[in-house]
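Enquirer: This one is structure.cif, mmCIF, C-alpha atoms.
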```cif
data_entry
loop_
_atom_site.label_atom_id
_atom_site.label_comp_id
_atom_site.auth_asym_id
_atom_site.auth_seq_id
_atom_site.Cartn_x
_atom_site.Cartn_y
_atom_site.Cartn_z
CA MET G 1 -1.05 22.76 73.83
CA ALA G 2 0.85 19.66 74.88
CA ASN G 3 -2.14 18.36 76.81
CA ASN G 4 -4.42 17.69 73.86
CA GLN G 5 -1.72 15.90 71.85
CA PRO G 6 -2.02 12.11 71.82
CA THR G 7 0.49 10.20 73.93
CA ALA G 8 3.26 8.05 72.51
CA LEU G 9 1.29 4.81 72.93
CA GLU G 10 -1.77 6.29 71.23
CA ARG G 11 0.38 7.53 68.37
CA PHE G 12 1.88 4.07 67.95
CA LEU G 13 -1.44 2.20 67.99
CA ARG G 14 -3.20 4.68 65.75
CA GLY G 15 -0.66 4.24 62.99
CA ILE G 16 -1.36 0.54 62.64
CA LEU G 17 -5.11 0.48 62.01
CA PRO G 18 -7.29 3.53 62.75
CA GLU G 19 -4.98 5.91 60.88
CA ASN G 20 -3.33 3.40 58.57
CA PRO G 21 -1.37 5.54 56.11
CA LEU G 22 -2.47 3.67 53.00
CA TYR G 23 -5.99 2.43 53.72
CA ARG G 24 -7.36 5.19 55.92
CA GLN G 25 -5.43 8.26 54.74
CA VAL G 26 -4.72 7.13 51.14
CA LEU G 27 -1.15 8.45 51.30
CA GLY G 28 1.90 7.00 49.65
CA THR G 29 -0.01 5.26 46.88
CA CYS G 30 2.71 5.54 44.24
CA PRO G 31 5.20 3.03 45.73
CA SER G 32 2.39 0.83 47.01
CA LEU G 33 1.33 0.27 43.40
CA ALA G 34 4.74 0.15 41.80
CA VAL G 35 6.72 -2.26 43.97
CA THR G 36 4.08 -4.69 45.22
CA ASN G 37 4.26 -7.34 42.51
CA ASN G 38 6.28 -9.54 44.87
CA MET G 39 6.78 -9.71 48.61
CA LYS G 40 10.56 -9.25 48.63
CA ALA G 41 10.44 -5.93 46.80
CA ALA G 42 7.50 -4.77 48.89
CA MET G 43 9.24 -5.57 52.17
CA THR G 44 12.48 -3.89 51.06
CA MET G 45 10.43 -0.83 50.20
CA ALA G 46 8.63 -0.95 53.56
CA ALA G 47 11.96 -1.22 55.40
CA SER G 48 13.41 1.74 53.49
CA VAL G 49 10.34 3.84 54.20
CA ALA G 50 10.49 2.84 57.88
CA PHE G 51 14.16 3.84 58.12
CA VAL G 52 13.59 7.21 56.47
CA LEU G 53 10.39 7.88 58.40
CA ILE G 54 11.92 7.11 61.81
CA CYS G 55 15.10 9.11 61.14
CA ALA G 56 13.25 12.07 59.65
CA ASN G 57 10.73 12.11 62.50
CA LEU G 58 13.50 12.04 65.12
CA MET G 59 15.46 14.76 63.36
CA THR G 60 12.42 16.97 62.91
CA SER G 61 11.48 16.48 66.53
CA LEU G 62 14.97 17.53 67.63
CA ILE G 63 14.95 20.73 65.60
CA ARG G 64 11.26 21.57 66.10
CA ASN G 65 11.98 24.66 68.20
CA LEU G 66 14.25 26.12 65.53
CA LEU G 67 11.78 25.74 62.64
CA LYS G 68 10.46 28.85 60.96
CA PRO G 69 6.85 28.35 59.83
CA HIS G 70 7.33 29.46 56.23
CA LEU G 71 10.45 27.36 55.71
CA ARG G 72 9.39 24.19 57.49
CA ILE G 73 8.26 22.21 54.42
CA LEU G 74 11.58 22.89 52.71
CA VAL G 75 13.49 21.80 55.83
CA PHE G 76 11.41 18.58 56.06
CA THR G 77 12.04 17.77 52.42
CA LEU G 78 15.78 18.33 52.61
CA THR G 79 16.02 16.25 55.81
CA ILE G 80 14.13 13.45 54.10
CA ALA G 81 16.27 13.71 50.96
CA ALA G 82 19.44 13.30 53.03
CA PHE G 83 18.15 10.11 54.69
CA VAL G 84 16.87 8.74 51.39
CA THR G 85 20.36 9.19 49.92
CA ILE G 86 21.73 7.10 52.81
CA ALA G 87 19.11 4.37 52.30
CA ASP G 88 19.70 4.33 48.55
CA SER G 89 23.49 4.04 48.90
CA PHE G 90 23.04 1.27 51.48
CA LEU G 91 20.77 -0.73 49.18
CA ALA G 92 23.06 -0.20 46.19
CA ALA G 93 26.02 -1.49 48.22
CA PHE G 94 24.48 -4.47 50.02
CA LEU G 95 21.44 -5.50 47.96
CA PRO G 96 22.40 -4.53 44.39
CA GLU G 97 19.74 -6.73 42.73
CA MET G 98 16.97 -5.31 44.88
CA SER G 99 18.29 -1.81 44.28
CA ALA G 100 18.14 -2.39 40.51
CA GLU G 101 14.61 -3.78 40.74
CA LEU G 102 13.26 -0.92 42.84
CA GLY G 103 15.10 1.58 40.63
CA PRO G 104 13.75 5.13 40.86
CA TYR G 105 11.12 4.26 43.47
CA ILE G 106 13.65 4.47 46.33
CA PRO G 107 14.57 8.11 45.54
CA LEU G 108 10.86 8.78 45.09
CA ILE G 109 10.44 8.17 48.86
CA ILE G 110 11.52 11.84 49.14
CA VAL G 111 8.16 12.99 47.81
CA ASN G 112 6.19 10.28 49.62
CA CYS G 113 3.42 12.21 51.34
CA ILE G 114 3.41 9.92 54.41
CA ILE G 115 6.74 11.18 55.70
CA ILE G 116 6.07 14.89 55.17
CA CYS G 117 2.63 14.38 56.71
CA ARG G 118 4.06 12.73 59.86
CA CYS G 119 6.75 15.43 60.20
CA GLU G 120 4.05 18.08 59.94
CA VAL G 121 1.37 16.44 62.10
CA CYS G 122 3.45 14.87 64.84
CA ALA G 123 7.21 15.41 64.89
CA SER G 124 7.16 19.20 64.57
CA LYS G 125 4.88 19.43 67.63
CA GLN G 126 5.82 16.59 69.97
CA GLY G 127 8.89 15.28 71.78
CA LEU G 128 11.41 12.69 70.76
CA PHE G 129 9.70 9.65 72.29
CA ALA G 130 6.23 10.35 70.93
CA SER G 131 7.66 11.06 67.47
CA ALA G 132 9.60 7.81 67.46
CA ALA G 133 6.53 5.86 68.57
CA ASP G 134 4.47 7.56 65.89
CA ALA G 135 7.03 6.78 63.19
CA VAL G 136 7.24 3.12 64.22
CA GLY G 137 3.45 2.79 64.31
CA GLN G 138 3.02 4.36 60.88
CA SER G 139 5.83 2.23 59.47
CA VAL G 140 4.24 -0.97 60.77
CA GLY G 141 0.89 0.13 59.34
CA TYR G 142 2.45 0.88 55.98
CA ALA G 143 4.38 -2.40 55.96
CA LEU G 144 1.17 -4.33 56.68
CA ALA G 145 -0.63 -2.48 53.90
CA LEU G 146 2.14 -3.18 51.39
CA ALA G 147 2.26 -6.82 52.52
CA SER G 148 -1.48 -7.25 51.96
CA ILE G 149 -1.30 -5.94 48.39
CA ALA G 150 1.88 -7.85 47.57
CA THR G 151 0.44 -11.08 48.99
CA VAL G 152 -2.60 -10.91 46.72
CA ARG G 153 -0.59 -9.94 43.66
CA GLU G 154 2.24 -12.41 44.10
CA ILE G 155 0.03 -15.41 44.93
CA LEU G 156 -2.39 -14.80 42.06
CA GLY G 157 0.19 -13.54 39.58
CA MET G 158 3.14 -15.85 40.17
CA LYS G 159 1.67 -18.58 42.40
CA THR G 160 4.42 -17.92 44.97
CA TRP G 161 4.83 -16.07 48.26
CA PHE G 162 8.30 -14.74 49.10
CA GLY G 163 9.45 -16.89 46.18
CA LEU G 164 8.03 -20.10 47.69
CA PRO G 165 5.40 -21.93 45.61
CA VAL G 166 2.06 -21.95 47.43
CA MET G 167 -0.62 -22.58 44.80
CA PRO G 168 -1.42 -25.98 43.23
CA GLY G 169 0.19 -26.49 39.84
CA SER G 170 -3.16 -26.72 38.07
CA PHE G 171 -3.98 -23.11 39.03
CA PRO G 172 -3.27 -20.80 36.08
CA ALA G 173 -1.12 -17.79 36.97
CA TRP G 174 -2.96 -14.53 36.36
CA GLY G 175 -0.27 -12.65 34.47
CA ILE G 176 -2.24 -9.42 34.65
CA MET G 177 -1.83 -9.25 38.45
CA ILE G 178 1.90 -8.51 38.25
CA LEU G 179 1.39 -5.88 35.52
CA PRO G 180 0.23 -2.29 36.15
CA PRO G 181 -3.56 -2.91 35.76
CA GLY G 182 -3.42 -5.63 38.43
CA ALA G 183 -1.91 -3.13 40.86
CA PHE G 184 -4.69 -0.59 40.37
CA ILE G 185 -7.46 -3.19 40.60
CA THR G 186 -6.02 -4.92 43.69
CA LEU G 187 -5.56 -1.66 45.58
CA GLY G 188 -9.03 -0.47 44.53
CA LEU G 189 -10.73 -3.63 45.79
CA LEU G 190 -8.70 -3.75 49.02
CA LEU G 191 -9.49 -0.09 49.68
CA GLY G 192 -13.18 -0.83 49.15
CA ALA G 193 -12.94 -3.77 51.54
CA ALA G 194 -11.22 -1.60 54.16
CA ASN G 195 -13.94 1.05 53.86
CA TRP G 196 -16.62 -1.61 54.14
CA ALA G 197 -15.00 -3.12 57.25
CA ALA G 198 -14.65 0.31 58.85
CA SER G 199 -18.28 1.25 58.20
CA ALA G 200 -19.54 -2.13 59.39
CA ARG G 201 -17.65 -1.70 62.65
CA SER G 202 -18.86 1.81 63.32
CA LYS G 203 -22.52 1.08 62.50
CA PRO G 204 -23.66 -0.42 65.83
CA SER G 205 -22.46 2.64 67.74
CA ALA G 206 -23.89 5.04 65.16
CA LYS G 207 -27.40 3.62 65.54
CA PRO G 208 -28.44 4.00 69.19
CA SER G 209 -32.03 2.82 68.65
CA MET N 1 16.54 11.70 10.02
CA HIS N 2 18.19 9.66 12.72
CA TYR N 3 17.70 12.42 15.26
CA LEU N 4 14.07 12.88 14.31
CA THR N 5 13.42 9.16 14.76
CA GLU N 6 15.00 9.21 18.20
CA TYR N 7 12.97 12.23 19.28
CA ILE N 8 9.70 10.76 18.03
CA LEU N 9 10.39 7.48 19.82
CA ILE N 10 11.17 9.30 23.09
CA ALA N 11 8.04 11.44 22.74
CA VAL N 12 5.64 8.59 21.99
CA GLY N 13 7.28 6.41 24.62
CA ALA N 14 6.92 9.02 27.34
CA ALA N 15 3.41 10.16 26.48
CA ILE N 16 1.59 6.94 25.59
CA ILE N 17 3.48 3.67 25.82
CA ASN N 18 5.11 4.23 29.20
CA ASN N 19 2.56 6.72 30.45
CA PHE N 20 3.79 8.26 33.71
CA VAL N 21 0.58 7.59 35.60
CA LEU N 22 -0.65 4.34 34.14
CA HIS N 23 2.67 2.58 33.64
CA TYR N 24 5.12 4.04 36.15
CA PHE N 25 2.54 4.94 38.84
CA VAL N 26 3.94 8.39 39.49
CA GLY N 27 1.67 11.34 40.13
CA ILE N 28 -1.11 9.14 41.54
CA CYS N 29 -1.96 11.64 44.29
CA PRO N 30 -3.20 14.43 41.96
CA PHE N 31 -4.56 11.76 39.62
CA ILE N 32 -6.95 10.69 42.38
CA GLY N 33 -7.32 14.02 44.13
CA VAL N 34 -7.87 16.52 41.32
CA SER N 35 -9.75 14.42 38.76
CA ARG N 36 -13.31 15.36 39.71
CA ARG N 37 -13.91 17.90 36.94
CA VAL N 38 -12.44 18.10 33.45
CA ASP N 39 -11.46 21.79 33.60
CA MET N 40 -9.64 21.36 36.92
CA ALA N 41 -7.90 18.25 35.66
CA PHE N 42 -6.79 20.09 32.53
CA GLY N 43 -5.47 22.98 34.65
CA MET N 44 -3.49 20.57 36.80
CA GLY N 45 -2.13 18.81 33.72
CA CYS N 46 -0.98 22.08 32.16
CA ALA N 47 0.66 23.23 35.39
CA VAL N 48 2.51 19.92 35.71
CA THR N 49 3.68 20.01 32.07
CA PHE N 50 4.91 23.55 32.59
CA VAL N 51 6.84 22.83 35.78
CA ILE N 52 8.18 19.48 34.55
CA SER N 53 9.75 21.21 31.52
CA ILE N 54 11.43 23.85 33.65
CA ALA N 55 12.61 21.29 36.20
CA ALA N 56 14.01 19.11 33.40
CA LEU N 57 15.86 22.06 31.89
CA LEU N 58 17.40 22.98 35.24
CA SER N 59 18.20 19.44 36.36
CA TRP N 60 19.80 18.52 33.03
CA THR N 61 21.99 21.62 33.23
CA VAL N 62 22.98 20.94 36.81
CA THR N 63 23.63 17.25 36.17
CA TYR N 64 25.61 17.78 32.99
CA TYR N 65 27.80 20.65 34.10
CA ILE N 66 28.12 20.09 37.84
CA LEU N 67 27.01 16.74 39.26
CA ARG N 68 28.18 13.99 36.91
CA ASP N 69 31.60 12.39 37.11
CA GLY N 70 34.02 14.52 35.10
CA ALA N 71 31.64 17.44 34.77
CA PRO N 72 33.32 20.53 33.32
CA LEU N 73 32.40 23.11 35.93
CA THR N 74 33.31 21.04 39.00
CA GLY N 75 36.46 19.93 37.19
CA VAL N 76 37.68 23.50 36.80
CA ILE N 77 37.10 24.24 40.47
CA ILE N 78 38.66 21.05 41.83
CA ARG N 79 41.72 21.46 39.57
CA ALA N 80 42.16 25.03 40.74
CA VAL N 81 41.85 24.00 44.39
CA THR N 82 44.02 20.89 44.43
CA GLY N 83 46.49 21.93 41.75
CA ASP N 84 46.30 18.40 40.27
CA PRO N 85 45.64 18.75 36.50
CA LYS N 86 43.80 15.40 36.31
CA ALA N 87 41.59 15.70 39.40
CA THR N 88 37.85 15.05 38.96
CA LEU N 89 35.02 15.09 41.45
CA ASP N 90 31.89 12.94 41.35
CA LEU N 91 29.06 14.79 43.05
CA SER N 92 26.26 12.49 41.88
CA ILE N 93 25.58 11.37 45.47
CA LEU N 94 24.16 14.84 46.05
CA SER N 95 21.72 14.51 43.17
CA TYR N 96 18.56 13.84 45.23
CA LEU N 97 19.15 16.81 47.49
CA VAL N 98 19.90 19.04 44.53
CA TYR N 99 16.90 17.90 42.51
CA ILE N 100 14.38 18.41 45.27
CA PHE N 101 15.86 21.85 45.88
CA VAL N 102 15.72 22.65 42.17
CA ILE N 103 12.08 21.54 41.93
CA ALA N 104 11.01 23.48 45.01
CA SER N 105 12.71 26.65 43.81
CA ALA N 106 11.45 26.20 40.24
CA VAL N 107 7.88 26.00 41.53
CA GLN N 108 8.45 29.07 43.68
CA LEU N 109 9.98 31.06 40.80
CA VAL N 110 7.27 30.07 38.36
CA GLU N 111 4.65 31.10 40.87
CA MET N 112 6.25 34.51 41.44
CA TYR N 113 6.81 35.11 37.73
CA LEU N 114 3.25 34.25 36.78
CA ARG N 115 1.75 36.34 39.57
CA LYS N 116 3.74 39.37 38.44
CA PHE N 117 3.62 39.11 34.65
CA ILE N 118 0.75 36.83 33.56
CA PRO N 119 -1.94 37.22 36.24
CA PRO N 120 -4.75 35.49 34.25
CA LEU N 121 -2.66 32.32 33.90
CA TYR N 122 -1.70 32.55 37.57
CA LYS N 123 -5.35 32.75 38.55
CA SER N 124 -6.29 29.78 36.40
CA PHE N 125 -3.51 27.63 37.91
CA GLY N 126 -4.54 28.73 41.38
CA VAL N 127 -3.86 26.23 44.11
CA PHE N 128 -2.27 23.64 41.80
CA LEU N 129 1.13 25.31 41.56
CA PRO N 130 2.31 24.86 45.18
CA LEU N 131 0.89 21.31 45.19
CA ILE N 132 3.22 20.36 42.37
CA THR N 133 6.36 20.39 44.55
CA THR N 134 5.32 17.08 46.08
CA ASN N 135 4.21 15.58 42.77
CA CYS N 136 6.38 12.53 42.19
CA ALA N 137 6.08 12.88 38.40
CA ILE N 138 8.46 15.85 38.42
CA LEU N 139 11.14 14.17 40.51
CA PHE N 140 10.65 11.00 38.47
CA ALA N 141 11.37 12.87 35.23
CA CYS N 142 14.53 14.35 36.79
CA LEU N 143 15.65 10.87 37.89
CA LEU N 144 15.06 9.41 34.42
CA ILE N 145 17.18 12.18 32.93
CA PHE N 146 19.84 11.57 35.60
CA ALA N 147 19.99 7.89 34.63
CA LYS N 148 20.38 8.82 30.97
CA VAL N 149 23.12 11.39 31.57
CA VAL N 150 25.22 9.67 34.25
CA GLY N 151 26.81 6.38 33.31
CA ALA N 152 25.34 6.28 29.81
CA GLU N 153 27.61 5.66 26.83
CA ASN N 154 26.42 8.65 24.85
CA PRO N 155 24.71 10.92 27.38
CA TRP N 156 21.45 12.58 26.49
CA GLY N 157 21.58 16.17 25.36
CA LEU N 158 19.22 18.91 26.41
CA GLY N 159 16.92 18.18 23.45
CA GLN N 160 16.19 14.58 24.39
CA SER N 161 15.72 15.48 28.05
CA LEU N 162 13.25 18.25 27.26
CA THR N 163 11.34 16.02 24.84
CA LEU N 164 10.98 13.38 27.53
CA ALA N 165 9.80 15.91 30.10
CA VAL N 166 7.32 17.76 27.87
CA PHE N 167 5.74 14.60 26.50
CA GLY N 168 5.72 12.98 29.93
CA GLY N 169 3.71 16.00 31.08
CA ILE N 170 1.39 15.69 28.10
CA GLY N 171 0.89 12.01 28.90
CA PHE N 172 -0.01 12.95 32.48
CA THR N 173 -2.50 15.53 31.20
CA LEU N 174 -4.01 12.95 28.86
CA ALA N 175 -4.46 10.41 31.65
CA ILE N 176 -5.91 12.85 34.19
CA VAL N 177 -8.34 14.41 31.66
CA ILE N 178 -9.61 10.99 30.54
CA MET N 179 -10.09 10.05 34.18
CA ALA N 180 -11.93 13.30 34.94
CA GLY N 181 -14.24 12.72 31.97
CA ILE N 182 -15.11 9.27 33.27
CA ARG N 183 -15.60 10.51 36.82
CA GLU N 184 -18.02 13.24 35.69
CA GLU N 185 -20.21 10.52 34.20
CA LEU N 186 -19.72 8.41 37.30
CA ASP N 187 -21.57 11.01 39.36
CA HIS N 188 -24.80 9.76 37.79
CA CYS N 189 -24.11 6.12 38.63
CA ASP N 190 -25.03 4.15 41.71
CA VAL N 191 -21.62 3.15 43.07
CA PRO N 192 -21.66 0.83 46.14
CA ALA N 193 -20.96 2.92 49.24
CA PRO N 194 -17.59 1.38 50.28
CA LEU N 195 -16.17 1.85 46.78
CA ARG N 196 -16.98 5.56 46.53
CA GLY N 197 -14.04 7.97 46.27
CA PRO N 198 -10.50 6.68 45.76
CA ALA N 199 -11.46 2.99 45.49
CA ILE N 200 -13.60 3.29 42.36
CA THR N 201 -11.06 5.72 40.87
CA LEU N 202 -8.35 3.09 41.26
CA LEU N 203 -10.54 0.41 39.70
CA ILE N 204 -11.19 2.66 36.69
CA ALA N 205 -7.48 3.45 36.50
CA GLY N 206 -6.88 -0.30 36.32
CA ILE N 207 -9.13 -0.58 33.29
CA LEU N 208 -7.46 2.47 31.72
CA ALA N 209 -4.05 0.92 32.33
CA LEU N 210 -5.31 -2.22 30.62
CA ALA N 211 -6.29 -0.11 27.62
CA PHE N 212 -2.93 1.66 27.57
CA MET N 213 -1.13 -1.70 27.63
CA GLY N 214 -2.45 -2.10 24.11
CA PHE N 215 0.02 0.58 23.00
CA ALA N 216 2.97 -1.59 24.04
CA GLY N 217 3.59 -2.80 20.49
CA VAL N 218 3.48 0.67 18.98
CA SER N 219 7.16 1.33 19.72
CA GLY N 220 8.47 -1.48 17.51
CA GLY N 221 6.09 -0.68 14.65
CA LEU N 222 7.02 2.99 14.79
CA GLU N 223 10.71 2.15 14.68
CA LYS N 224 10.19 0.02 11.59
CA LEU N 225 8.07 2.69 9.95
CA LEU N 226 10.51 5.54 10.65
CA GLY N 227 13.62 3.48 10.04
CA ALA N 228 12.46 2.33 6.59
CA PRO N 229 13.07 5.52 4.53
CA GLN N 230 16.75 5.66 5.48
#
```
For this file, produce the structure as structure tokens.
Expert:
Amino acid sequence: MANNQPTALERFLRGILPENPLYRQVLGTCPSLAVTNNMKAAMTMAASVAFVLICANLMTSLIRNLLKPHLRILVFTLTIAAFVTIADSFLAAFLPEMSAELGPYIPLIIVNCIIICRCEVCASKQGLFASAADAVGQSVGYALALASIATVREILGMKTWFGLPVMPGSFPAWGIMILPPGAFITLGLLLGAANWAASARSKPSAKPS
Amino acid sequence: MHYLTEYILIAVGAAIINNFVLHYFVGICPFIGVSRRVDMAFGMGCAVTFVISIAALLSWTVTYYILRDGAPLTGVIIRAVTGDPKATLDLSILSYLVYIFVIASAVQLVEMYLRKFIPPLYKSFGVFLPLITTNCAILFACLLIFAKVVGAENPWGLGQSLTLAVFGGIGFTLAIVIMAGIREELDHCDVPAPLRGPAITLLIAGILALAFMGFAGVSGGLEKLLGAPQ
């Protein structure tokens, strides 16, 4: 059983591109649409998800031999909820403005499919080190995905990046990009681009002739 | 009259102006996953509306009587334990754990009840019921109610909370059924290969969100209209 599981390094590398949680698995779309109208919010979100994902993966990996099959989803969810409460209290105490801006989307990490999916796929089957590597890889992949959306939306919508002005003054800000429709359209186009890149890369090997 | 106005504003706000899917981006997973056919989308919408109402009922009760600062039930217990007549206990830090537990058990109970007493309805909901536990729309509704009950000047009663939940669910149904109707037509179109699946769905959702932004002014007009007869 343990032989056909990927190693820690494979788990880590897979999370970043081949199994990118957002672009390849289309998981965790809700926060990726809601908090990506500027880079600061997106990166705070990515850090919170990374914290919860790593802690939940480690915890699940530690208790994996005690899990009962029919109760495992409930145990995962409650573990995640506990860590999300910690992250939420931390943000409220040290970054109150960011906490107010992200609002209910931090508690909504509890039902983020990425974390339950990683607990189920990796942490409940593999050891501590592989689970940690997997969590870090997925977190980096998710952070990159959020950064790509937030970059497009913030530069086009507010002409800034991390609050720094980057576009020439004559460029009109596209107000729609920081509103809900801009989120859907940006993610749709980026997802299409990711699919196109993936199919273009796999084509040469698919056609042997 | 005043109450009616408030209820209508909450209802229209939750269902159309601040649509759960197209404005708050919650419940995107089923919105993309289960919007291939209109009948399935409608089934999912009904199941979500059903569960969201029950979850709102339970979470309001728990928040109001147990979790919030100065809640009556916790107050009685803590006063009996400590012997201090003014002692209160704020359990709102536990809210996330409690809500997710409440939602999971509500889904489980609803499933068992339907299977036993209303089998036709159970069959028509099918696989959607267990999926709902991880639907962010439900937890989102609970969190909205939490924000309105804890720390608000005049906390929401059960009526307002239920109105928000039911009409939030109806708004979700509306959005997912519209999307399914468009996607059925889309089957006959020549979509570029990389955009097939979730990508084109998101692009359409963007256009739908643009359309729903047009409702943003409705709230003020409605207030004026309903406020006038007073």
Enquirer: If I take CA of Phe212 in chain N and CA of Ala175 in chain N, how far is one from the other in Å, to one decimal?
Expert: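 Between CA of Phe212 in chain N and CA of Ala175 in chain N the gap is 9.8 Å.
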Enquirer: Specify as a PDB file with C-alpha atoms, keeping the file's coordinate frame all residues of chain G found within 9 Å of chain N, counting only C-alpha atoms.
Expert:
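Final output, saved to part.pdb:
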```pdb
ATOM      1  CA  VAL G  26      -4.720   7.130  51.140  1.00  0.00           C
ATOM      2  CA  LEU G  27      -1.150   8.450  51.300  1.00  0.00           C
ATOM      3  CA  GLY G  28       1.900   7.000  49.650  1.00  0.00           C
ATOM      4  CA  THR G  29      -0.010   5.260  46.880  1.00  0.00           C
ATOM      5  CA  CYS G  30       2.710   5.540  44.240  1.00  0.00           C
ATOM      6  CA  PRO G  31       5.200   3.030  45.730  1.00  0.00           C
ATOM      7  CA  LEU G  33       1.330   0.270  43.400  1.00  0.00           C
ATOM      8  CA  ALA G  34       4.740   0.150  41.800  1.00  0.00           C
ATOM      9  CA  LEU G  74      11.580  22.890  52.710  1.00  0.00           C
ATOM     10  CA  THR G  77      12.040  17.770  52.420  1.00  0.00           C
ATOM     11  CA  LEU G  78      15.780  18.330  52.610  1.00  0.00           C
ATOM     12  CA  THR G  79      16.020  16.250  55.810  1.00  0.00           C
ATOM     13  CA  ILE G  80      14.130  13.450  54.100  1.00  0.00           C
ATOM     14  CA  ALA G  81      16.270  13.710  50.960  1.00  0.00           C
ATOM     15  CA  ALA G  82      19.440  13.300  53.030  1.00  0.00           C
ATOM     16  CA  VAL G  84      16.870   8.740  51.390  1.00  0.00           C
ATOM     17  CA  THR G  85      20.360   9.190  49.920  1.00  0.00           C
ATOM     18  CA  SER G  89      23.490   4.040  48.900  1.00  0.00           C
ATOM     19  CA  PRO G 104      13.750   5.130  40.860  1.00  0.00           C
ATOM     20  CA  TYR G 105      11.120   4.260  43.470  1.00  0.00           C
ATOM     21  CA  PRO G 107      14.570   8.110  45.540  1.00  0.00           C
ATOM     22  CA  LEU G 108      10.860   8.780  45.090  1.00  0.00           C
ATOM     23  CA  ILE G 109      10.440   8.170  48.860  1.00  0.00           C
ATOM     24  CA  ILE G 110      11.520  11.840  49.140  1.00  0.00           C
ATOM     25  CA  VAL G 111       8.160  12.990  47.810  1.00  0.00           C
ATOM     26  CA  ASN G 112       6.190  10.280  49.620  1.00  0.00           C
ATOM     27  CA  CYS G 113       3.420  12.210  51.340  1.00  0.00           C
ATOM     28  CA  ILE G 176      -2.240  -9.420  34.650  1.00  0.00           C
ATOM     29  CA  LEU G 179       1.390  -5.880  35.520  1.00  0.00           C
ATOM     30  CA  PRO G 180       0.230  -2.290  36.150  1.00  0.00           C
ATOM     31  CA  PRO G 181      -3.560  -2.910  35.760  1.00  0.00           C
ATOM     32  CA  GLY G 182      -3.420  -5.630  38.430  1.00  0.00           C
ATOM     33  CA  ALA G 183      -1.910  -3.130  40.860  1.00  0.00           C
ATOM     34  CA  PHE G 184      -4.690  -0.590  40.370  1.00  0.00           C
ATOM     35  CA  ILE G 185      -7.460  -3.190  40.600  1.00  0.00           C
ATOM     36  CA  THR G 186      -6.020  -4.920  43.690  1.00  0.00           C
ATOM     37  CA  LEU G 187      -5.560  -1.660  45.580  1.00  0.00           C
ATOM     38  CA  GLY G 188      -9.030  -0.470  44.530  1.00  0.00           C
ATOM     39  CA  LEU G 189     -10.730  -3.630  45.790  1.00  0.00           C
ATOM     40  CA  LEU G 190      -8.700  -3.750  49.020  1.00  0.00           C
ATOM     41  CA  LEU G 191      -9.490  -0.090  49.680  1.00  0.00           C
ATOM     42  CA  GLY G 192     -13.180  -0.830  49.150  1.00  0.00           C
ATOM     43  CA  ALA G 193     -12.940  -3.770  51.540  1.00  0.00           C
ATOM     44  CA  ALA G 194     -11.220  -1.600  54.160  1.00  0.00           C
ATOM     45  CA  ASN G 195     -13.940   1.050  53.860  1.00  0.00           C
ATOM     46  CA  TRP G 196     -16.620  -1.610  54.140  1.00  0.00           C
ATOM     47  CA  ALA G 197     -15.000  -3.120  57.250  1.00  0.00           C
ATOM     48  CA  SER G 199     -18.280   1.250  58.200  1.00  0.00           C
TER      49      SER G 199
END
```
Enquirer: Have a look at CA of Asp134 in chain G and CA of Ala93 in chain G and let me know their distance in Å, one decimal.
Expert: 29.3 Å
Enquirer: So what do you get for CA of Ile77 in chain N versus CA of Leu91 in chain N, distance-wise?
Expert: 12.7 Å
Enquirer: Please determine, counting all atoms listed in the file, which residue among N:Asn154, N:Ser35, N:Asn18, N:Ser92 has the shortest atom-to-atom distance to Val218 in chain N.
Expert: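 With all atoms listed in the file as the atom set, the closest residue is N:Asn18.
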Enquirer: What would the selection look like, as a compact mmCIF listing (two decimals) with C-alpha atoms, keeping the file's coordinate frame, if the PyMOL selection byres ((chain G and resi 147-161) around 10) were run on the coordinates I just shared?
Expert:
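Ended up saving to part.txt:
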```txt
# COMPACT_ATOMS: atom_id res chain seq x y z
CA SER G 32 2.39 0.83 47.01
CA LEU G 33 1.33 0.27 43.40
CA VAL G 35 6.72 -2.26 43.97
CA THR G 36 4.08 -4.69 45.22
CA ASN G 37 4.26 -7.34 42.51
CA ASN G 38 6.28 -9.54 44.87
CA MET G 39 6.78 -9.71 48.61
CA LYS G 40 10.56 -9.25 48.63
CA ALA G 41 10.44 -5.93 46.80
CA ALA G 42 7.50 -4.77 48.89
CA MET G 43 9.24 -5.57 52.17
CA ALA G 46 8.63 -0.95 53.56
CA GLY G 141 0.89 0.13 59.34
CA TYR G 142 2.45 0.88 55.98
CA ALA G 143 4.38 -2.40 55.96
CA LEU G 144 1.17 -4.33 56.68
CA ALA G 145 -0.63 -2.48 53.90
CA LEU G 146 2.14 -3.18 51.39
CA PHE G 162 8.30 -14.74 49.10
CA GLY G 163 9.45 -16.89 46.18
CA LEU G 164 8.03 -20.10 47.69
CA PRO G 165 5.40 -21.93 45.61
CA VAL G 166 2.06 -21.95 47.43
CA MET G 167 -0.62 -22.58 44.80
CA PRO G 168 -1.42 -25.98 43.23
CA GLY G 169 0.19 -26.49 39.84
CA PHE G 171 -3.98 -23.11 39.03
CA PRO G 172 -3.27 -20.80 36.08
CA ALA G 173 -1.12 -17.79 36.97
CA TRP G 174 -2.96 -14.53 36.36
CA GLY G 175 -0.27 -12.65 34.47
CA ILE G 176 -2.24 -9.42 34.65
CA MET G 177 -1.83 -9.25 38.45
CA ILE G 178 1.90 -8.51 38.25
CA LEU G 179 1.39 -5.88 35.52
CA GLY G 182 -3.42 -5.63 38.43
CA ALA G 183 -1.91 -3.13 40.86
CA THR G 186 -6.02 -4.92 43.69
CA LEU G 187 -5.56 -1.66 45.58
CA LEU G 190 -8.70 -3.75 49.02
```
